[in-house]
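Q: I have a structure I would like to understand better, so I am pasting it below and will then ask my questions one at a time.
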Amino acid sequence: MNDFDYEVTKEGTTLNVVLGRKLTVQNAPALTDELSKYRGQDIGKVEFDATGLMFLTSAGLRVVLFAYQILGRSPEIVIVNCAKEIYKVFDHVGLTSSIKFEESQEKRAQYRINKLSELDHVEIEQHVSERKKSLEDFSANNDVVCYNLRMGQQEE
């Protein structure tokens, strides 16, 4: 899975969405299209695995809103392993009251296996450092995302 990828699977009435590193205008419309394929299929829960997510734009927030509004009987929306910097954006725009946030050590372990198992110690340190810097940069700039969402603008 590269930076902009995602993976959607269905188990019973649950849609599992594993997000890549970024959910932006580049991949959010495709994810919305993918989710819309499940319209009318009695989806009770949409679980977004955000373990690897480091960057979210207003287009990404709209995907979450879309899932809640369009997939039938207003499914439960769960975001797993959301970084605190990204959680702040959900909170800032008022979505934390309608979304459940959970932690999963199992999903964190699976992310580490999938993402880090082929890397050596130096590469792992680089990855961790890059992730920390990316989240810090995102946090420093997330007011723009929130402002655009409130104003109904598309991000560039």
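By order in the structure tokens, chains are A, B, ...; within a chain, residues start at 1; ligands start at 1, following the order shown.
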Can you pull out the residues contacting Tyr68 in chain A? Cut-off 7 Å, using only C-alpha atoms, and skip same-chain residues under 6 positions away; I want them as a list in words.

A: Ser74, Pro75 and Ile77 of chain A

Q: Which neighbours of Gly20 in chain A fall inside 12 Å, counting only C-alpha atoms, when residues of the same chain fewer than 2 positions from it are skipped, and could you give them as a VMD selection string?

A: chain A and resid 1 to 8 17 to 18 22 to 24 27 to 28 31 48 to 56 60 111 114 to 115

Q: Please save N, CA and C atoms of the selected residues as an mmCIF file, in the first residue's frame.

A:
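Saved the output as result_16.cif:
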```
data_model
loop_
_atom_site.group_PDB
_atom_site.id
_atom_site.type_symbol
_atom_site.label_atom_id
_atom_site.label_comp_id
_atom_site.auth_asym_id
_atom_site.auth_seq_id
_atom_site.Cartn_x
_atom_site.Cartn_y
_atom_site.Cartn_z
ATOM 1 N N MET A 1 0.858 -1.177 0.000
ATOM 2 C CA MET A 1 0.000 0.000 0.000
ATOM 3 C C MET A 1 0.898 1.231 0.000
ATOM 4 N N ASN A 2 0.695 2.161 -0.957
ATOM 5 C CA ASN A 2 1.510 3.375 -0.941
ATOM 6 C C ASN A 2 0.815 4.480 -0.146
ATOM 7 N N ASP A 3 1.377 5.675 -0.165
ATOM 8 C CA ASP A 3 0.877 6.784 0.652
ATOM 9 C C ASP A 3 -0.614 7.055 0.488
ATOM 10 N N PHE A 4 -1.116 6.922 -0.727
ATOM 11 C CA PHE A 4 -2.490 7.330 -1.008
ATOM 12 C C PHE A 4 -3.459 6.162 -1.080
ATOM 13 N N ASP A 5 -3.005 4.967 -0.824
ATOM 14 C CA ASP A 5 -3.848 3.791 -0.972
ATOM 15 C C ASP A 5 -4.798 3.598 0.207
ATOM 16 N N TYR A 6 -5.734 2.738 -0.022
ATOM 17 C CA TYR A 6 -6.672 2.277 0.994
ATOM 18 C C TYR A 6 -7.100 0.888 0.565
ATOM 19 N N GLU A 7 -7.693 0.172 1.486
ATOM 20 C CA GLU A 7 -8.211 -1.158 1.183
ATOM 21 C C GLU A 7 -9.561 -1.288 1.870
ATOM 22 N N VAL A 8 -10.571 -1.725 1.142
ATOM 23 C CA VAL A 8 -11.923 -1.884 1.685
ATOM 24 C C VAL A 8 -12.314 -3.353 1.587
ATOM 25 N N VAL A 17 -12.057 -0.427 6.427
ATOM 26 C CA VAL A 17 -11.310 0.434 5.519
ATOM 27 C C VAL A 17 -9.942 0.690 6.142
ATOM 28 N N VAL A 18 -8.905 0.129 5.527
ATOM 29 C CA VAL A 18 -7.544 0.381 5.986
ATOM 30 C C VAL A 18 -7.019 1.547 5.163
ATOM 31 N N LYS A 22 -2.079 8.961 3.618
ATOM 32 C CA LYS A 22 -2.761 10.221 3.325
ATOM 33 C C LYS A 22 -4.166 9.947 2.815
ATOM 34 N N LEU A 23 -5.101 10.793 3.249
ATOM 35 C CA LEU A 23 -6.457 10.781 2.716
ATOM 36 C C LEU A 23 -6.737 12.205 2.265
ATOM 37 N N THR A 24 -6.582 12.432 0.960
ATOM 38 C CA THR A 24 -6.629 13.775 0.389
ATOM 39 C C THR A 24 -7.517 13.800 -0.843
ATOM 40 N N ASN A 27 -7.050 10.873 -3.389
ATOM 41 C CA ASN A 27 -7.608 9.524 -3.262
ATOM 42 C C ASN A 27 -8.993 9.475 -2.610
ATOM 43 N N ALA A 28 -9.428 10.542 -1.978
ATOM 44 C CA ALA A 28 -10.739 10.537 -1.314
ATOM 45 C C ALA A 28 -11.900 10.286 -2.276
ATOM 46 N N LEU A 31 -12.109 6.610 -2.939
ATOM 47 C CA LEU A 31 -12.601 5.889 -1.766
ATOM 48 C C LEU A 31 -14.104 6.098 -1.610
ATOM 49 N N PHE A 48 -12.695 2.536 10.074
ATOM 50 C CA PHE A 48 -11.532 3.089 9.388
ATOM 51 C C PHE A 48 -10.298 2.800 10.240
ATOM 52 N N ASP A 49 -9.370 2.025 9.699
ATOM 53 C CA ASP A 49 -8.109 1.758 10.390
ATOM 54 C C ASP A 49 -7.144 2.875 10.005
ATOM 55 N N ALA A 50 -6.900 3.783 10.934
ATOM 56 C CA ALA A 50 -6.056 4.954 10.690
ATOM 57 C C ALA A 50 -4.662 4.780 11.278
ATOM 58 N N THR A 51 -4.254 3.549 11.509
ATOM 59 C CA THR A 51 -2.954 3.293 12.123
ATOM 60 C C THR A 51 -1.826 3.968 11.354
ATOM 61 N N GLY A 52 -1.868 3.931 10.030
ATOM 62 C CA GLY A 52 -0.803 4.525 9.217
ATOM 63 C C GLY A 52 -1.094 5.923 8.736
ATOM 64 N N LEU A 53 -2.275 6.461 9.030
ATOM 65 C CA LEU A 53 -2.692 7.774 8.512
ATOM 66 C C LEU A 53 -1.899 8.901 9.161
ATOM 67 N N MET A 54 -1.290 9.731 8.310
ATOM 68 C CA MET A 54 -0.496 10.857 8.798
ATOM 69 C C MET A 54 -0.982 12.194 8.271
ATOM 70 N N PHE A 55 -1.882 12.185 7.288
ATOM 71 C CA PHE A 55 -2.320 13.449 6.693
ATOM 72 C C PHE A 55 -3.752 13.293 6.229
ATOM 73 N N LEU A 56 -4.582 14.261 6.574
ATOM 74 C CA LEU A 56 -6.004 14.230 6.255
ATOM 75 C C LEU A 56 -6.420 15.615 5.820
ATOM 76 N N GLY A 60 -10.860 14.188 2.883
ATOM 77 C CA GLY A 60 -10.865 12.987 3.707
ATOM 78 C C GLY A 60 -11.959 13.019 4.759
ATOM 79 N N TYR A 111 0.195 -3.490 11.435
ATOM 80 C CA TYR A 111 0.810 -2.400 10.668
ATOM 81 C C TYR A 111 2.329 -2.517 10.718
ATOM 82 N N ASN A 114 3.373 -5.419 8.519
ATOM 83 C CA ASN A 114 3.216 -5.112 7.095
ATOM 84 C C ASN A 114 4.175 -4.026 6.620
ATOM 85 N N LYS A 115 4.361 -3.007 7.423
ATOM 86 C CA LYS A 115 5.128 -1.837 6.992
ATOM 87 C C LYS A 115 6.608 -1.936 7.331
#
```

Q: Using only C-alpha atoms, which of the listed residues (A:Gln126, A:Gln110, A:Gln26, A:Ser97) sits closest to Ser58 in chain A?

A: A:Gln26

Q: Using the chain letters and numbers from this document, which residues of range 49-101 of chain A does DSSP assign to helix (DSSP H, G or I), as a PyMOL selection string?

A: chain A and resi 58-70+84-92

Q: Could the residues in this selection be written to a file with C-alpha atoms, as a PDB file, in the first residue's frame?

A:
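Saved as again12.pdb:
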```pdb
ATOM      1  CA  SER A  58     -11.211  18.229   4.157  1.00  0.00           C
ATOM      2  CA  ALA A  59     -11.803  15.764   1.295  1.00  0.00           C
ATOM      3  CA  GLY A  60     -10.865  12.987   3.707  1.00  0.00           C
ATOM      4  CA  LEU A  61     -13.260  14.307   6.325  1.00  0.00           C
ATOM      5  CA  ARG A  62     -16.007  14.306   3.697  1.00  0.00           C
ATOM      6  CA  VAL A  63     -15.388  10.586   3.053  1.00  0.00           C
ATOM      7  CA  VAL A  64     -16.177   9.887   6.703  1.00  0.00           C
ATOM      8  CA  LEU A  65     -19.323  12.031   6.517  1.00  0.00           C
ATOM      9  CA  PHE A  66     -20.311  10.291   3.294  1.00  0.00           C
ATOM     10  CA  ALA A  67     -20.007   6.889   4.945  1.00  0.00           C
ATOM     11  CA  TYR A  68     -22.265   8.012   7.769  1.00  0.00           C
ATOM     12  CA  GLN A  69     -24.916   9.611   5.566  1.00  0.00           C
ATOM     13  CA  ILE A  70     -25.124   7.403   2.495  1.00  0.00           C
ATOM     14  CA  LYS A  84      -3.900  12.680  18.290  1.00  0.00           C
ATOM     15  CA  GLU A  85      -3.069  15.330  15.682  1.00  0.00           C
ATOM     16  CA  ILE A  86      -5.745  13.974  13.358  1.00  0.00           C
ATOM     17  CA  TYR A  87      -8.202  13.443  16.208  1.00  0.00           C
ATOM     18  CA  LYS A  88      -7.898  17.177  16.964  1.00  0.00           C
ATOM     19  CA  VAL A  89      -9.166  17.977  13.465  1.00  0.00           C
ATOM     20  CA  PHE A  90     -12.202  15.723  13.926  1.00  0.00           C
ATOM     21  CA  ASP A  91     -12.800  17.390  17.293  1.00  0.00           C
ATOM     22  CA  HIS A  92     -12.288  20.907  15.927  1.00  0.00           C
TER      23      HIS A  92
END
```
